[in-house]
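Engineer: My file is start-v4.cif. It has mmCIF, C-alpha atoms:
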```
data_model
#
loop_
_atom_site.group_PDB
_atom_site.id
_atom_site.type_symbol
_atom_site.label_atom_id
_atom_site.label_comp_id
_atom_site.auth_asym_id
_atom_site.auth_seq_id
_atom_site.Cartn_x
_atom_site.Cartn_y
_atom_site.Cartn_z
ATOM 1 C CA MET A 1 29.696 44.452 53.971
ATOM 2 C CA ALA A 2 31.697 41.225 54.167
ATOM 3 C CA SER A 3 34.124 42.931 56.503
ATOM 4 C CA ILE A 4 31.285 43.639 58.952
ATOM 5 C CA VAL A 5 30.421 39.941 59.136
ATOM 6 C CA ALA A 6 34.045 39.046 59.759
ATOM 7 C CA LEU A 7 34.231 41.521 62.596
ATOM 8 C CA LEU A 8 31.102 40.198 64.241
ATOM 9 C CA SER A 9 32.556 36.700 64.418
ATOM 10 C CA LEU A 10 35.262 37.984 66.761
ATOM 11 C CA SER A 11 32.813 38.372 69.617
ATOM 12 C CA ALA A 12 30.464 35.575 70.656
ATOM 13 C CA CYS A 13 28.728 37.773 73.219
ATOM 14 C CA ALA A 14 27.402 40.374 70.769
ATOM 15 C CA ASP A 15 24.623 40.027 68.228
ATOM 16 C CA ASP A 16 25.675 42.987 66.092
ATOM 17 C CA LEU A 17 28.324 45.648 65.792
ATOM 18 C CA SER A 18 26.261 48.247 67.605
ATOM 19 C CA ASP A 19 26.213 46.044 70.716
ATOM 20 C CA LEU A 20 29.997 45.936 70.716
ATOM 21 C CA LEU A 21 30.243 49.690 70.508
ATOM 22 C CA ASP A 22 27.888 50.631 73.332
ATOM 23 C CA VAL A 23 29.257 52.057 76.557
ATOM 24 C CA GLU A 24 27.472 53.152 79.702
ATOM 25 C CA GLU A 25 24.893 55.794 78.819
ATOM 26 C CA GLN A 26 25.575 59.275 80.144
ATOM 27 C CA GLU A 27 24.272 62.753 79.390
ATOM 28 C CA LEU A 28 24.090 63.045 75.595
ATOM 29 C CA PRO A 29 24.018 65.979 73.171
ATOM 30 C CA ARG A 30 20.895 66.915 71.249
ATOM 31 C CA ALA A 31 20.527 65.815 67.645
ATOM 32 C CA GLY A 32 22.359 68.209 65.370
ATOM 33 C CA GLU A 33 24.187 69.894 68.236
ATOM 34 C CA LYS A 34 27.355 71.648 67.129
ATOM 35 C CA SER A 35 30.603 71.879 69.066
ATOM 36 C CA GLU A 36 34.160 72.987 68.362
ATOM 37 C CA SER A 37 36.418 70.408 66.757
ATOM 38 C CA GLU A 38 38.737 68.662 69.159
ATOM 39 C CA ARG A 39 41.320 68.316 66.423
ATOM 40 C CA GLY A 40 42.269 71.975 66.270
ATOM 41 C CA MET A 41 40.377 72.703 63.054
ATOM 42 C CA ASP A 42 38.626 75.976 62.366
ATOM 43 C CA ALA A 43 35.478 74.316 61.055
ATOM 44 C CA THR A 44 32.498 73.602 63.257
ATOM 45 C CA VAL A 45 31.787 69.933 63.920
ATOM 46 C CA GLN A 46 28.215 68.698 63.670
ATOM 47 C CA VAL A 47 27.344 65.831 66.002
ATOM 48 C CA ILE A 48 24.590 63.580 64.655
ATOM 49 C CA ASP A 49 22.461 61.656 67.134
ATOM 50 C CA ALA A 50 22.416 58.233 65.452
ATOM 51 C CA SER A 51 22.212 56.313 68.718
ATOM 52 C CA ASP A 52 18.817 54.722 68.023
ATOM 53 C CA ALA A 53 19.366 51.220 66.626
ATOM 54 C CA GLU A 54 16.039 51.290 64.738
ATOM 55 C CA ALA A 55 15.375 54.895 63.649
ATOM 56 C CA TRP A 56 17.397 56.913 61.117
ATOM 57 C CA SER A 57 18.470 60.535 61.573
ATOM 58 C CA TYR A 58 18.375 62.468 58.291
ATOM 59 C CA LEU A 59 20.637 65.391 57.412
ATOM 60 C CA ASP A 60 20.035 68.102 54.819
ATOM 61 C CA LEU A 61 23.528 69.244 53.804
ATOM 62 C CA SER A 62 22.266 72.488 52.255
ATOM 63 C CA THR A 63 20.862 73.770 55.546
ATOM 64 C CA GLY A 64 22.851 71.655 58.011
ATOM 65 C CA ALA A 65 19.540 70.681 59.621
ATOM 66 C CA ILE A 66 18.270 67.350 60.891
ATOM 67 C CA VAL A 67 14.976 66.714 59.094
ATOM 68 C CA THR A 68 12.129 64.256 59.576
ATOM 69 C CA PRO A 69 10.710 63.324 56.155
ATOM 70 C CA ALA A 70 7.347 61.569 56.226
ATOM 71 C CA THR A 71 8.469 59.103 53.547
ATOM 72 C CA PRO A 72 12.299 59.024 53.539
ATOM 73 C CA GLU A 73 12.458 56.447 50.751
ATOM 74 C CA ASP A 74 10.764 58.934 48.399
ATOM 75 C CA SER A 75 11.827 62.355 49.694
ATOM 76 C CA ARG A 76 14.133 65.122 48.533
ATOM 77 C CA GLU A 77 14.375 66.634 52.016
ATOM 78 C CA TRP A 78 17.544 64.774 53.040
ATOM 79 C CA ASP A 79 20.987 63.918 51.694
ATOM 80 C CA LEU A 80 22.485 61.565 54.305
ATOM 81 C CA GLY A 81 20.863 59.190 56.777
ATOM 82 C CA PHE A 82 22.570 57.977 59.960
ATOM 83 C CA ARG A 83 21.756 54.972 62.155
ATOM 84 C CA ARG A 84 24.469 53.847 64.553
ATOM 85 C CA TYR A 85 27.544 53.249 62.343
ATOM 86 C CA LEU A 86 25.442 53.008 59.160
ATOM 87 C CA VAL A 87 25.319 55.937 56.744
ATOM 88 C CA ALA A 88 22.894 55.984 53.807
ATOM 89 C CA LEU A 89 22.817 58.228 50.759
ATOM 90 C CA ASN A 90 19.532 59.526 49.386
ATOM 91 C CA GLY A 91 20.204 57.682 46.150
ATOM 92 C CA GLY A 92 20.257 54.220 44.646
ATOM 93 C CA VAL A 93 18.576 51.652 46.846
ATOM 94 C CA SER A 94 18.262 54.060 49.801
ATOM 95 C CA GLY A 95 16.295 56.908 48.260
ATOM 96 C CA THR A 96 15.116 58.735 45.159
ATOM 97 C CA GLY A 97 17.202 61.900 45.610
ATOM 98 C CA GLY A 98 20.017 60.869 43.271
ATOM 99 C CA VAL A 99 22.755 61.524 45.853
ATOM 100 C CA GLU A 100 26.205 60.209 44.901
ATOM 101 C CA VAL A 101 29.614 60.198 46.569
ATOM 102 C CA ALA A 102 33.236 60.205 45.454
ATOM 103 C CA VAL A 103 36.057 59.177 47.805
ATOM 104 C CA LEU A 104 39.220 61.287 47.926
ATOM 105 C CA ARG A 105 42.500 60.734 49.770
ATOM 106 C CA ASP A 106 43.554 64.383 49.720
ATOM 107 C CA ALA A 107 43.544 66.568 52.849
ATOM 108 C CA TYR A 108 40.199 68.187 53.627
ATOM 109 C CA GLU A 109 41.697 71.681 53.476
ATOM 110 C CA ASN A 110 43.068 71.051 49.960
ATOM 111 C CA ILE A 111 39.726 70.193 48.368
ATOM 112 C CA ASP A 112 37.840 73.143 46.896
ATOM 113 C CA ARG A 113 36.356 71.568 43.766
ATOM 114 C CA ALA A 114 34.391 68.374 43.190
ATOM 115 C CA PRO A 115 35.990 65.711 40.968
ATOM 116 C CA LEU A 116 34.627 65.075 37.488
ATOM 117 C CA ASP A 117 34.058 61.351 37.966
ATOM 118 C CA GLY A 118 34.363 58.478 40.416
ATOM 119 C CA TYR A 119 30.861 58.840 41.900
ATOM 120 C CA PHE A 120 28.754 55.943 43.143
ATOM 121 C CA THR A 121 25.752 55.419 45.395
ATOM 122 C CA ASP A 122 24.002 52.867 47.610
ATOM 123 C CA LEU A 123 23.379 49.550 45.883
ATOM 124 C CA THR A 124 21.288 46.473 46.500
ATOM 125 C CA ASP A 125 23.124 43.609 48.159
ATOM 126 C CA GLY A 126 25.862 42.213 45.962
ATOM 127 C CA ALA A 127 28.059 39.125 46.052
ATOM 128 C CA ASP A 128 29.080 39.201 49.697
ATOM 129 C CA THR A 129 28.404 37.150 52.807
ATOM 130 C CA ASP A 130 25.445 39.135 54.152
ATOM 131 C CA GLU A 131 22.007 40.143 52.947
ATOM 132 C CA ASP A 132 22.322 43.870 53.713
ATOM 133 C CA ASP A 133 22.253 46.559 51.057
ATOM 134 C CA ASP A 134 25.714 47.768 50.061
ATOM 135 C CA LEU A 135 25.791 51.278 51.491
ATOM 136 C CA ALA A 136 28.487 53.362 49.796
ATOM 137 C CA LEU A 137 29.914 54.838 53.016
ATOM 138 C CA VAL A 138 29.989 51.470 54.786
ATOM 139 C CA ALA A 139 31.100 49.153 51.979
ATOM 140 C CA GLU A 140 34.555 47.621 52.014
ATOM 141 C CA GLY A 141 37.060 49.923 50.328
ATOM 142 C CA SER A 142 35.033 53.086 50.919
ATOM 143 C CA ALA A 143 33.853 52.681 54.536
ATOM 144 C CA TRP A 144 34.127 55.771 56.690
ATOM 145 C CA TYR A 145 35.445 53.760 59.666
ATOM 146 C CA SER A 146 37.983 51.193 60.787
ATOM 147 C CA TYR A 147 37.123 48.694 63.504
ATOM 148 C CA ASP A 148 39.561 47.850 66.305
ATOM 149 C CA SER A 149 38.739 44.266 67.278
ATOM 150 C CA SER A 150 40.800 44.394 70.473
ATOM 151 C CA MET A 151 39.128 47.549 71.828
ATOM 152 C CA HIS A 152 35.785 47.050 70.019
ATOM 153 C CA THR A 153 35.824 50.656 68.843
ATOM 154 C CA LEU A 154 35.427 52.524 65.581
ATOM 155 C CA SER A 155 37.713 55.252 64.288
ATOM 156 C CA PRO A 156 37.352 57.310 61.094
ATOM 157 C CA ASN A 157 39.382 56.342 58.054
ATOM 158 C CA PRO A 158 41.563 59.078 56.513
ATOM 159 C CA ARG A 159 39.159 59.798 53.670
ATOM 160 C CA VAL A 160 37.248 62.815 52.449
ATOM 161 C CA TYR A 161 33.923 62.290 50.724
ATOM 162 C CA VAL A 162 32.568 64.615 48.059
ATOM 163 C CA ILE A 163 28.789 64.416 48.103
ATOM 164 C CA HIS A 164 26.699 65.358 45.060
ATOM 165 C CA ALA A 165 23.608 66.388 46.990
ATOM 166 C CA VAL A 166 19.889 66.293 46.175
ATOM 167 C CA GLU A 167 19.748 69.917 45.049
ATOM 168 C CA GLY A 168 22.748 69.472 42.751
ATOM 169 C CA ASP A 169 25.304 71.156 45.008
ATOM 170 C CA TYR A 170 28.583 69.543 46.020
ATOM 171 C CA PHE A 171 29.957 69.216 49.548
ATOM 172 C CA LYS A 172 33.174 67.853 50.976
ATOM 173 C CA LEU A 173 32.643 65.848 54.144
ATOM 174 C CA GLU A 174 34.937 64.254 56.706
ATOM 175 C CA PHE A 175 34.156 61.983 59.656
ATOM 176 C CA LEU A 176 35.916 62.973 62.870
ATOM 177 C CA ASP A 177 34.596 60.612 65.539
ATOM 178 C CA TYR A 178 31.918 58.083 66.442
ATOM 179 C CA TYR A 179 31.665 58.870 70.162
ATOM 180 C CA ASN A 180 30.325 61.906 71.939
ATOM 181 C CA ALA A 181 32.112 63.776 74.733
ATOM 182 C CA ALA A 182 30.685 61.333 77.290
ATOM 183 C CA GLY A 183 32.150 58.372 75.377
ATOM 184 C CA SER A 184 28.813 57.047 74.122
ATOM 185 C CA ALA A 185 28.676 55.350 70.725
ATOM 186 C CA GLY A 186 26.324 56.321 67.919
ATOM 187 C CA TYR A 187 27.167 60.033 67.734
ATOM 188 C CA PRO A 188 29.218 60.486 64.546
ATOM 189 C CA SER A 189 30.942 63.852 64.302
ATOM 190 C CA ILE A 190 31.307 65.239 60.811
ATOM 191 C CA ARG A 191 32.393 68.453 59.187
ATOM 192 C CA PHE A 192 31.294 69.524 55.741
ATOM 193 C CA ASP A 193 31.572 72.543 53.484
ATOM 194 C CA PRO A 194 30.337 73.362 49.969
ATOM 195 C CA VAL A 195 32.819 73.012 47.125
ATOM 196 C CA ALA A 196 32.730 74.173 43.507
ATOM 197 C CA ALA A 197 31.108 71.938 40.909
ATOM 198 C CA PRO A 198 33.507 70.085 38.592
ATOM 199 C CA GLY A 199 33.115 72.496 35.668
ATOM 200 C CA ASP A 200 33.071 75.775 37.606
#
```
What's the structure tokens form of this structure?
Structural biologist:
Amino acid sequence: MASIVALLSLSACADDLSDLLDVEEQELPRAGEKSESERGMDATVQVIDASDAEAWSYLDLSTGAIVTPATPEDSREWDLGFRRYLVALNGGVSGTGGVEVAVLRDAYENIDRAPLDGYFTDLTDGADTDEDDDLALVAEGSAWYSYDSSMHTLSPNPRVYVIHAVEGDYFKLEFLDYYNAAGSAGYPSIRFDPVAAPGD
């Protein structure tokens, strides 16, 4: 999370990263709306409405549905939570679902089995310059995005995440974009597919 603080210091006119990434609001897709990938891939892209700066959107990877758990901090209904550029796992400090992630550098198409090890989850704030929890998909070294300080935009890092989900299944997941078709921030596009467990 130290990298986030460094980025924020580049702009005196913004209080947080989400302010930097806002553009004029236009017609927006519905939460969970699916559209064809703009990168020529066969897979369907799921667009998550994470535009609310206060409320989380929760995704169940097994069904591909956006869910609304009554008590997200103690629920097995969701695997990933989204709020603006933040992504939480239902594990560690963020939830009781035991969700873990491993980061791979291989091409999405080449991954058909989950790795044996290398998994980690969301942690309480460590030795960095902020007081935020260390979310696995936002932490330095494993963050899903790169920040362009000249354009004040986010772009996905070339990483594939293998998620060990609440129900014990494994999924490969890739971030494709942070902006919807209208150019509005807070709409991460992802694609994900089940993969075989490590021992299968």
Engineer: Taking a cut-off of 7 Å and counting all atoms listed in the file, can you build a table that, for each residue of range 135-165 of chain A near range 109-126 of chain A, reports the nearest atom pair and how far apart they are in Å (one decimal), sorted by chain then residue number, as CSV?
Structural biologist:
```
residue,atom,partner,partner_atom,distance
A:Leu135,CA,A:Asp122,CA,4.6
A:Ala136,CA,A:Asp122,CA,5.0
A:Val162,CA,A:Ala114,CA,6.4
```
Engineer: For the structure provided, state which residues fall under the PyMOL selection byres ((chain A and resi 78-89) around 9), and present them as a PyMOL selection string.
Structural biologist: chain A and resi 17-18+48-62+66-69+72+75-77+90-95+97-101+121-122+135-138+144-145+154+163-166+178+185-188
Engineer: CA of Asn180 in chain A and CA of Gln46 in chain A are how many Å apart?
Structural biologist: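 Distance between the two atoms: 10.9 Å.
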Engineer: How many Å lie between CA of Ala139 in chain A and CA of Val47 in chain A, rounded to one decimal?
Structural biologist: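 These two atoms are separated by 22.1 Å.
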Engineer: Just the number, please: distance in Å from CA of Glu174 in chain A to CA of Pro156 in chain A, one decimal.
Structural biologist: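 We find that CA of Glu174 in chain A and CA of Pro156 in chain A lie 8.6 Å from each other.
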Engineer: Of the candidates A:Ala102, A:Val45, A:Ala143, A:Ala196, which shows the shortest atom-to-atom distance to Tyr170 in chain A, using only C-alpha atoms?
Structural biologist: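 Residue with the minimum atom-to-atom distance to Tyr170 in chain A: A:Ala196.
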Engineer: Applied to this file, what does the PyMOL selection byres ((chain A and resi 105) around 8) return in terms of residues, put as a list in words?
Structural biologist: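 Here the PyMOL selection byres ((chain A and resi 105) around 8) matches Val103, Leu104, Asp106, Ala107, Pro158, Arg159 and Val160 of chain A.
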Engineer: Could you check which of A:Asp177, A:Tyr108, A:Asn157, A:Ala70 is closest to Val195 in chain A, using all atoms listed in the file?
Structural biologist: A:Tyr108
Engineer: So that I can see what lies close to Asp193 in chain A, please list as a list in words the residues with an atom at most 8 Å from it, counting all atoms listed in the file and leaving out residues fewer than 3 positions away in the same chain.
Structural biologist: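 The contact residues come out as Phe171, Lys172 and Leu173 of chain A.
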Engineer: Considering all atoms listed in the file, can you say which of A:Thr153, A:Gly64, A:Asp169, A:Thr71 comes closest to Ala197 in chain A?
Structural biologist: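 Once distances to Ala197 in chain A are computed over all atoms listed in the file, the minimum belongs to A:Asp169.
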Engineer: Write out as AutoDock Vina command-line options an axis-aligned box for range 100-103 of chain A: all of its atoms listed in the file, 6 Å added on each side, centre and edge lengths in Å with one decimal.
Structural biologist:
```
--center_x 31.1 --center_y 59.7 --center_z 46.4 --size_x 21.9 --size_y 13.0 --size_z 14.9
```
